[in-house]
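work_25.csv follows; it contains CSV, C-alpha atoms.
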```csv
chain,number,residue,atom,x,y,z
A,227,MET,CA,32.4,-8.8,13.0
A,228,ASN,CA,32.0,-8.6,16.8
A,229,TYR,CA,29.6,-6.0,18.1
A,230,ASP,CA,30.3,-4.1,21.3
A,231,ARG,CA,27.1,-2.6,22.7
A,232,ASN,CA,29.1,-0.2,24.8
A,233,ALA,CA,31.3,1.1,22.0
A,234,PHE,CA,30.3,4.7,21.7
A,235,VAL,CA,32.7,6.8,19.7
A,236,LYS,CA,33.1,10.3,21.0
A,237,CYS,CA,31.1,12.7,18.9
A,238,THR,CA,33.0,15.6,17.3
A,239,VAL,CA,29.9,17.4,16.0
A,240,PRO,CA,28.6,20.3,18.3
A,241,ALA,CA,25.7,19.2,20.4
A,242,PRO,CA,23.3,21.9,19.0
A,243,GLU,CA,24.0,20.6,15.5
A,244,VAL,CA,23.4,17.0,16.5
A,245,ALA,CA,20.0,18.2,17.9
A,246,ARG,CA,19.2,20.2,14.8
A,247,LEU,CA,19.9,17.3,12.5
A,248,LYS,CA,17.9,14.9,14.6
A,249,GLY,CA,15.0,17.3,14.1
A,250,LEU,CA,15.5,17.1,10.4
A,251,GLY,CA,15.5,13.2,10.5
A,252,CYS,CA,19.3,12.5,10.7
A,253,LEU,CA,20.3,10.5,13.8
A,254,ARG,CA,23.8,10.3,15.0
A,255,ASP,CA,25.6,7.1,14.2
A,256,LYS,CA,27.2,6.1,17.6
A,257,THR,CA,30.0,4.1,15.9
A,258,THR,CA,31.6,7.2,14.2
A,259,PRO,CA,32.7,10.6,15.4
A,260,ASP,CA,30.8,12.6,12.8
A,261,ALA,CA,28.4,10.6,10.8
A,262,PHE,CA,24.6,10.4,10.7
A,263,ASN,CA,21.9,8.0,9.5
A,264,CYS,CA,19.3,10.0,7.5
A,265,ARG,CA,15.8,8.8,7.1
A,266,VAL,CA,14.2,9.2,3.6
A,267,LEU,CA,10.4,9.3,3.6
A,268,THR,CA,8.5,6.9,1.4
A,269,ARG,CA,5.1,8.6,2.0
A,270,ASN,CA,3.2,5.3,2.2
A,271,GLY,CA,5.8,2.6,2.2
A,272,ARG,CA,6.0,2.5,-1.6
A,273,ILE,CA,8.5,4.2,-3.9
A,274,SER,CA,9.2,4.2,-7.6
A,275,ALA,CA,12.2,2.6,-9.3
A,276,GLU,CA,13.6,6.1,-10.0
A,277,GLU,CA,13.3,7.0,-6.4
A,278,MET,CA,15.0,3.8,-5.3
A,279,HIS,CA,17.9,4.6,-7.7
A,280,ALA,CA,18.1,8.1,-6.2
A,281,ILE,CA,18.3,6.7,-2.7
A,282,ALA,CA,20.9,4.2,-3.7
A,283,ASP,CA,22.9,6.9,-5.4
A,284,ALA,CA,22.7,9.0,-2.3
A,285,ALA,CA,24.0,6.1,-0.2
A,286,ALA,CA,26.9,5.6,-2.5
A,287,ARG,CA,27.8,9.3,-2.9
A,288,PHE,CA,27.3,10.6,0.6
A,289,GLY,CA,27.0,7.7,2.9
A,290,ASN,CA,28.8,4.4,3.5
A,291,GLY,CA,26.8,2.6,0.8
A,292,LYS,CA,24.3,1.0,3.2
A,293,ILE,CA,20.5,1.5,3.4
A,294,ALA,CA,18.4,0.3,6.3
A,295,PHE,CA,14.6,0.2,6.3
A,296,THR,CA,13.0,1.4,9.5
A,297,THR,CA,9.8,0.1,11.2
A,298,ARG,CA,8.1,3.4,10.1
A,299,GLN,CA,8.8,2.5,6.4
A,300,THR,CA,11.6,5.1,5.9
A,301,ALA,CA,14.8,4.2,4.0
A,302,GLU,CA,17.7,5.2,6.2
A,303,VAL,CA,20.9,6.3,4.3
A,304,GLN,CA,23.6,5.4,6.8
A,305,GLY,CA,27.0,6.8,7.5
A,306,VAL,CA,26.5,10.3,6.1
A,307,ARG,CA,29.3,12.6,7.3
A,308,PHE,CA,28.3,15.8,8.9
A,309,ASP,CA,29.8,18.0,6.2
A,310,GLN,CA,27.9,16.0,3.5
A,311,VAL,CA,24.4,16.1,5.0
A,312,ASN,CA,23.3,19.3,3.3
A,313,ASP,CA,24.5,18.1,0.0
A,314,MET,CA,22.7,14.8,0.4
A,315,ILE,CA,19.4,16.6,1.3
A,316,ALA,CA,19.7,18.8,-1.8
A,317,PHE,CA,20.4,15.7,-3.9
A,318,LEU,CA,17.3,13.9,-2.6
A,319,ASP,CA,15.2,17.0,-3.0
A,320,ALA,CA,16.1,17.2,-6.7
A,321,ALA,CA,14.7,13.6,-6.9
A,322,GLY,CA,11.5,14.6,-5.2
A,323,LEU,CA,12.4,13.0,-1.9
A,324,SER,CA,12.8,14.4,1.6
A,325,ILE,CA,14.1,13.3,5.0
A,326,GLY,CA,12.3,13.4,8.3
A,327,GLY,CA,10.5,11.3,10.8
A,328,THR,CA,11.5,12.4,14.3
A,329,GLY,CA,10.3,14.6,17.1
A,330,PRO,CA,7.0,15.3,19.0
A,331,ARG,CA,4.8,15.6,15.9
A,332,VAL,CA,3.0,13.4,13.4
A,333,ARG,CA,5.4,10.6,12.4
A,334,PRO,CA,5.7,9.0,8.9
A,335,ILE,CA,2.6,7.1,7.9
A,336,VAL,CA,2.8,3.4,7.8
A,337,SER,CA,0.7,1.4,5.3
A,338,CYS,CA,0.2,-2.3,4.4
A,339,LYS,CA,-0.1,-3.3,0.8
A,340,GLY,CA,-3.9,-3.6,1.0
A,341,THR,CA,-4.2,-1.9,-2.4
A,342,THR,CA,-2.7,-4.9,-4.2
A,343,CYS,CA,-3.3,-7.7,-1.5
A,344,VAL,CA,-5.9,-10.3,-2.2
A,345,PHE,CA,-7.3,-9.6,1.3
A,346,GLY,CA,-7.3,-5.8,1.0
A,347,LEU,CA,-10.6,-4.0,1.5
A,348,CYS,CA,-9.5,-0.5,0.7
A,349,ASP,CA,-6.9,1.5,-1.3
A,350,THR,CA,-4.3,1.7,1.5
A,351,TYR,CA,-1.6,3.4,-0.6
A,352,ALA,CA,-3.8,6.2,-1.8
A,353,LEU,CA,-5.3,6.8,1.7
A,354,SER,CA,-1.8,6.7,3.4
A,355,GLU,CA,-0.4,9.1,0.8
A,356,LYS,CA,-3.2,11.6,1.4
A,357,ILE,CA,-2.7,11.4,5.1
A,358,HIS,CA,1.1,11.9,4.5
A,359,HIS,CA,0.5,15.1,2.6
A,360,LEU,CA,-2.3,16.5,4.8
A,361,TYR,CA,-1.0,15.7,8.2
A,362,TYR,CA,2.7,14.7,8.1
A,363,VAL,CA,3.7,17.5,5.7
A,364,GLY,CA,0.7,19.8,6.5
A,365,TYR,CA,1.2,19.5,10.2
A,366,HIS,CA,4.9,19.2,10.3
A,367,ASP,CA,5.4,22.5,12.2
A,368,VAL,CA,2.7,21.7,14.7
A,369,LYS,CA,4.4,20.6,18.0
A,370,LEU,CA,2.4,17.9,19.8
A,371,PRO,CA,2.7,16.6,23.4
A,372,HIS,CA,4.6,13.6,22.1
A,373,LYS,CA,5.1,11.5,18.9
A,374,PHE,CA,1.9,10.7,17.0
A,375,LYS,CA,1.9,7.5,14.9
A,376,ILE,CA,-0.7,6.6,12.2
A,377,ALA,CA,-1.0,3.3,10.5
A,378,VAL,CA,-3.4,2.1,7.7
A,379,GLY,CA,-4.3,-1.5,7.4
A,380,GLY,CA,-6.3,-2.9,4.5
A,381,CYS,CA,-8.1,-5.6,6.4
A,382,PRO,CA,-8.5,-7.2,9.9
A,383,ASN,CA,-5.3,-9.3,9.3
A,384,ASN,CA,-3.7,-6.2,10.9
A,385,CYS,CA,-0.3,-6.8,9.2
A,386,VAL,CA,0.9,-3.3,10.1
A,387,LYS,CA,-0.7,-3.5,13.6
A,388,PRO,CA,-2.8,-0.4,13.3
A,389,ASP,CA,-4.2,-0.7,16.8
A,390,LEU,CA,-0.6,-0.3,18.2
A,391,ASN,CA,-0.5,3.2,16.8
A,392,ASP,CA,-1.9,6.4,18.1
A,393,VAL,CA,-4.4,6.3,15.3
A,394,GLY,CA,-5.1,3.0,13.4
A,395,ILE,CA,-7.3,2.7,10.3
A,396,ILE,CA,-8.5,-0.7,9.2
A,397,GLY,CA,-10.5,-1.7,6.1
A,398,GLN,CA,-13.8,-3.3,6.8
A,399,ARG,CA,-16.5,-5.2,4.9
A,400,VAL,CA,-19.6,-5.7,6.9
A,401,PRO,CA,-21.8,-8.6,5.7
A,402,VAL,CA,-25.5,-7.8,5.3
A,403,PRO,CA,-27.5,-11.0,4.8
A,404,ASN,CA,-30.5,-11.4,2.5
A,405,ALA,CA,-32.4,-14.3,4.0
A,406,ALA,CA,-34.6,-14.6,1.0
A,407,LEU,CA,-31.6,-15.6,-1.2
A,408,CYS,CA,-29.8,-17.8,1.4
A,409,ARG,CA,-29.9,-21.5,0.5
A,410,GLY,CA,-28.2,-22.7,3.6
A,411,CYS,CA,-25.3,-24.2,1.7
A,412,GLY,CA,-22.7,-23.3,4.4
A,413,ALA,CA,-20.1,-21.8,2.0
A,414,CYS,CA,-20.0,-18.7,4.2
A,415,VAL,CA,-19.4,-20.8,7.3
A,416,ARG,CA,-16.5,-22.7,5.7
A,417,ALA,CA,-15.0,-19.4,4.5
A,418,CYS,CA,-15.0,-17.6,7.9
A,419,PRO,CA,-11.3,-17.6,9.1
A,420,ILE,CA,-12.3,-17.0,12.7
A,421,HIS,CA,-15.2,-19.4,12.8
A,422,VAL,CA,-17.9,-16.9,13.9
A,423,ALA,CA,-20.2,-17.4,10.9
A,424,GLU,CA,-22.9,-20.0,11.4
A,425,LEU,CA,-26.3,-21.2,10.1
A,426,LYS,CA,-29.4,-20.9,12.2
A,427,ASP,CA,-32.5,-22.4,10.8
A,428,LYS,CA,-30.5,-22.9,7.6
A,429,LYS,CA,-29.8,-19.1,7.3
A,430,TYR,CA,-26.6,-17.2,7.6
A,431,THR,CA,-25.8,-15.3,10.9
A,432,HIS,CA,-22.7,-14.3,12.8
A,433,SER,CA,-21.7,-13.5,16.3
A,434,VAL,CA,-20.6,-10.1,17.6
A,435,GLU,CA,-17.0,-11.3,17.3
A,436,CYS,CA,-17.2,-10.9,13.5
A,437,ASN,CA,-14.1,-8.9,12.5
A,438,ARG,CA,-15.7,-7.7,9.2
A,439,CYS,CA,-13.1,-9.3,6.9
A,440,GLY,CA,-15.7,-10.0,4.2
A,441,ARG,CA,-14.5,-13.5,3.3
A,442,CYS,CA,-18.0,-14.9,3.8
A,443,VAL,CA,-19.4,-12.3,1.3
A,444,ALA,CA,-17.0,-13.4,-1.4
A,445,ALA,CA,-17.7,-17.1,-0.7
A,446,CYS,CA,-21.5,-17.0,-1.1
A,447,PRO,CA,-22.5,-18.5,-4.5
A,448,PHE,CA,-26.1,-17.2,-4.4
A,449,GLY,CA,-25.5,-13.5,-3.7
A,450,ALA,CA,-27.2,-13.8,-0.3
A,451,LEU,CA,-24.6,-11.5,1.4
A,452,ASP,CA,-24.5,-7.9,0.5
A,453,ALA,CA,-21.8,-5.7,2.2
A,454,VAL,CA,-21.1,-2.3,3.5
A,455,ASP,CA,-17.5,-1.3,2.9
A,456,GLY,CA,-15.9,1.1,5.4
A,457,TYR,CA,-13.1,1.8,7.8
A,458,LYS,CA,-12.7,1.1,11.5
A,459,MET,CA,-10.6,3.6,13.5
A,460,THR,CA,-8.7,2.9,16.7
A,461,LEU,CA,-7.3,5.5,19.1
A,462,GLY,CA,-4.5,5.4,21.7
A,463,GLY,CA,-2.4,2.4,20.7
A,464,ARG,CA,1.3,2.3,21.4
A,465,TRP,CA,4.2,-0.1,21.3
A,466,GLY,CA,7.5,0.4,23.1
A,467,LYS,CA,8.5,0.9,26.7
A,468,GLN,CA,4.8,0.8,27.5
A,469,VAL,CA,2.2,-1.0,25.5
A,470,ALA,CA,-1.4,-0.1,25.0
A,471,ARG,CA,-3.9,-1.5,22.4
A,472,GLY,CA,-5.9,1.1,20.6
A,473,GLN,CA,-9.6,1.3,21.4
A,474,ALA,CA,-12.0,1.2,18.5
A,475,LEU,CA,-14.6,3.9,17.8
A,476,THR,CA,-18.1,2.4,17.6
A,477,HIS,CA,-18.7,4.4,14.4
A,478,LEU,CA,-17.9,2.8,11.0
A,479,PHE,CA,-16.6,5.3,8.5
A,480,THR,CA,-17.9,4.6,5.0
A,481,ALA,CA,-15.9,7.2,3.0
A,482,ALA,CA,-12.2,8.0,2.8
A,483,ASP,CA,-12.9,11.7,3.3
A,484,GLU,CA,-14.7,10.9,6.6
A,485,VAL,CA,-11.5,9.1,7.7
A,486,LEU,CA,-9.2,12.0,6.7
A,487,CYS,CA,-11.4,14.4,8.7
A,488,ALA,CA,-11.4,12.1,11.7
A,489,VAL,CA,-7.6,11.8,11.6
A,490,GLU,CA,-7.3,15.6,11.7
A,491,LYS,CA,-9.7,15.7,14.7
A,492,ALA,CA,-7.6,13.1,16.5
A,493,ILE,CA,-4.5,15.2,16.0
A,494,LEU,CA,-6.3,18.4,17.2
A,495,LEU,CA,-7.7,16.4,20.2
A,496,PHE,CA,-4.2,15.4,21.3
A,497,ARG,CA,-2.9,19.0,20.7
A,498,ASP,CA,-5.8,20.4,22.8
A,499,LYS,CA,-6.1,17.9,25.6
A,500,GLY,CA,-2.7,16.4,25.8
A,501,VAL,CA,0.0,17.3,28.4
A,502,ALA,CA,3.6,17.7,27.2
A,503,GLY,CA,5.4,14.4,27.5
A,504,GLU,CA,2.4,12.1,27.5
A,505,ARG,CA,1.3,9.8,24.8
A,506,PHE,CA,-2.2,9.9,23.2
A,507,ALA,CA,-3.1,6.7,25.2
A,508,ASP,CA,-2.6,8.7,28.4
A,509,THR,CA,-4.7,11.6,27.2
A,510,LEU,CA,-7.5,9.3,26.3
A,511,ALA,CA,-7.3,7.6,29.7
A,512,ARG,CA,-7.8,11.0,31.4
A,513,ILE,CA,-10.7,12.3,29.3
A,514,GLY,CA,-12.4,8.9,28.6
A,515,MET,CA,-13.0,7.2,25.3
A,516,GLU,CA,-16.7,8.2,25.3
A,517,GLU,CA,-15.7,11.9,25.3
A,518,ALA,CA,-13.0,11.3,22.7
A,519,GLU,CA,-15.5,9.7,20.3
A,520,ARG,CA,-18.0,12.5,20.9
A,521,LEU,CA,-15.3,15.0,19.9
A,522,ILE,CA,-14.1,13.0,16.9
A,523,LEU,CA,-17.6,12.6,15.5
A,524,SER,CA,-18.6,16.3,16.0
A,525,ASP,CA,-17.2,19.4,14.4
A,526,GLU,CA,-16.2,21.0,17.7
A,527,LEU,CA,-12.5,20.5,17.3
A,528,LEU,CA,-12.5,21.8,13.7
A,529,LEU,CA,-14.4,24.9,14.7
A,530,ARG,CA,-11.7,25.6,17.3
A,531,LYS,CA,-8.8,24.6,15.0
A,532,ASP,CA,-7.0,28.0,14.9
A,533,GLU,CA,-7.3,28.4,18.7
A,534,ILE,CA,-6.0,24.9,19.3
A,535,LEU,CA,-3.0,25.3,17.0
A,536,ALA,CA,-2.2,28.7,18.5
A,537,LYS,CA,-2.3,27.7,22.1
A,538,ALA,CA,0.8,26.8,24.1
A,539,LEU,CA,1.2,23.2,25.2
```
Could you quickly redo this structure as structure tokens?
Amino acid sequence: MNYDRNAFVKCTVPAPEVARLKGLGCLRDKTTPDAFNCRVLTRNGRISAEEMHAIADAAARFGNGKIAFTTRQTAEVQGVRFDQVNDMIAFLDAAGLSIGGTGPRVRPIVSCKGTTCVFGLCDTYALSEKIHHLYYVGYHDVKLPHKFKIAVGGCPNNCVKPDLNDVGIIGQRVPVPNAALCRGCGACVRACPIHVAELKDKKYTHSVECNRCGRCVAACPFGALDAVDGYKMTLGGRWGKQVARGQALTHLFTAADEVLCAVEKAILLFRDKGVAGERFADTLARIGMEEAERLILSDELLLRKDEILAKAL
């Protein structure tokens, strides 16, 4: 099939309805006069076999039989006619599924498979699903200055590129050496994938470039490396027409509840300090990362939560 990039079919659906459906998560299909591609949320990039069957049934009953997977880990049912959208939404709702994922608000949460991955350092599926319920669902009616993307990565391999999201969360395992137990065998050095572990005076050490992947900890045969497990958080990443790499907070979060609280503070920070139309990276550039970290690590934003959510952008 030849693809014509300029082949826009005239839309027969009224413009207000097109806008309304986009807000719900159904984007117009430019190749048809009255069909939409509807994004089904997966919560954390993982769905059950029963849910997959329901999405497939929805595609067969209401769409053109095609399902596309988006970069935000939603399952897009394609080619749903305008007069079938409401029926499809009701059908998915009966299966415990919903559509969404557009607009100037918290976007669908993206997660790597760190929960089951051999390199995973945290339960990414559980953390992502909590963030989904608390801040995608819980903050769905909160209008933000722009889209706000959150990604959870299980380790420094960064498979879902957390630091290219407005908020990135990365599992960490910080090695804590016990020199009394170290035999200087070098297993830790050989295990380090970025070659920053080394032996000095036959004892383990590492440079500041250590990414806290924890491979050296697992490799030590003498138990000479303890570890502190935690989460790194980056702020202000984005990928698209303009690119910015998220800046890491200096603080290491050691509990999932701390991370959940910090995510809410980041959303409130954007709502409070952001200007309509700008991304979080621009907000941080204006106020400075030092001030942003101070606000994230204090309770100031939470104490002003009602005020922040009530104010006009």
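Nearest residue to Val311 (chain A) among A:Cys252, A:Ala245, A:Ala294, A:Leu360 is A:Cys252, counting all atoms listed in the file.
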Notebook entry, point to check: Of the residues A:Cys446, A:Val393, A:Ile420, A:Cys439, which is the one nearest to Ile493 (chain A), using all atoms listed in the file?
Noted result: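 Going through A:Cys446, A:Val393, A:Ile420, A:Cys439 one by one, the smallest distance to Ile493 (chain A) is for A:Val393.
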Item checked: Which residue of A:His432, A:Lys531, A:Lys248, A:Arg307 approaches Glu490 (chain A) most closely, using only C-alpha atoms ->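 For Glu490 (chain A), the nearest of the candidates is A:Lys531.
For Ile357 (chain A), the list of residues within 9 Å, based on all atoms listed in the file and with local chain neighbours fewer than 5 positions off taken out, reads Arg269, Asn270, Ile335, Ala352, Tyr362, Val363, Ile376, Leu486 and Val489 of chain A.
Distance check against Gly322 (chain A) using only C-alpha atoms: of A:Val454, A:Leu370, A:Ala536, A:Val266, the minimum falls on A:Val266.
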Next item on the list: Please tell me which residues are no farther than 12 Å from (-2.6, -3.5, 8.3) in the file, counting only C-alpha atoms, and write them as a count of residues only.
Entry: 40
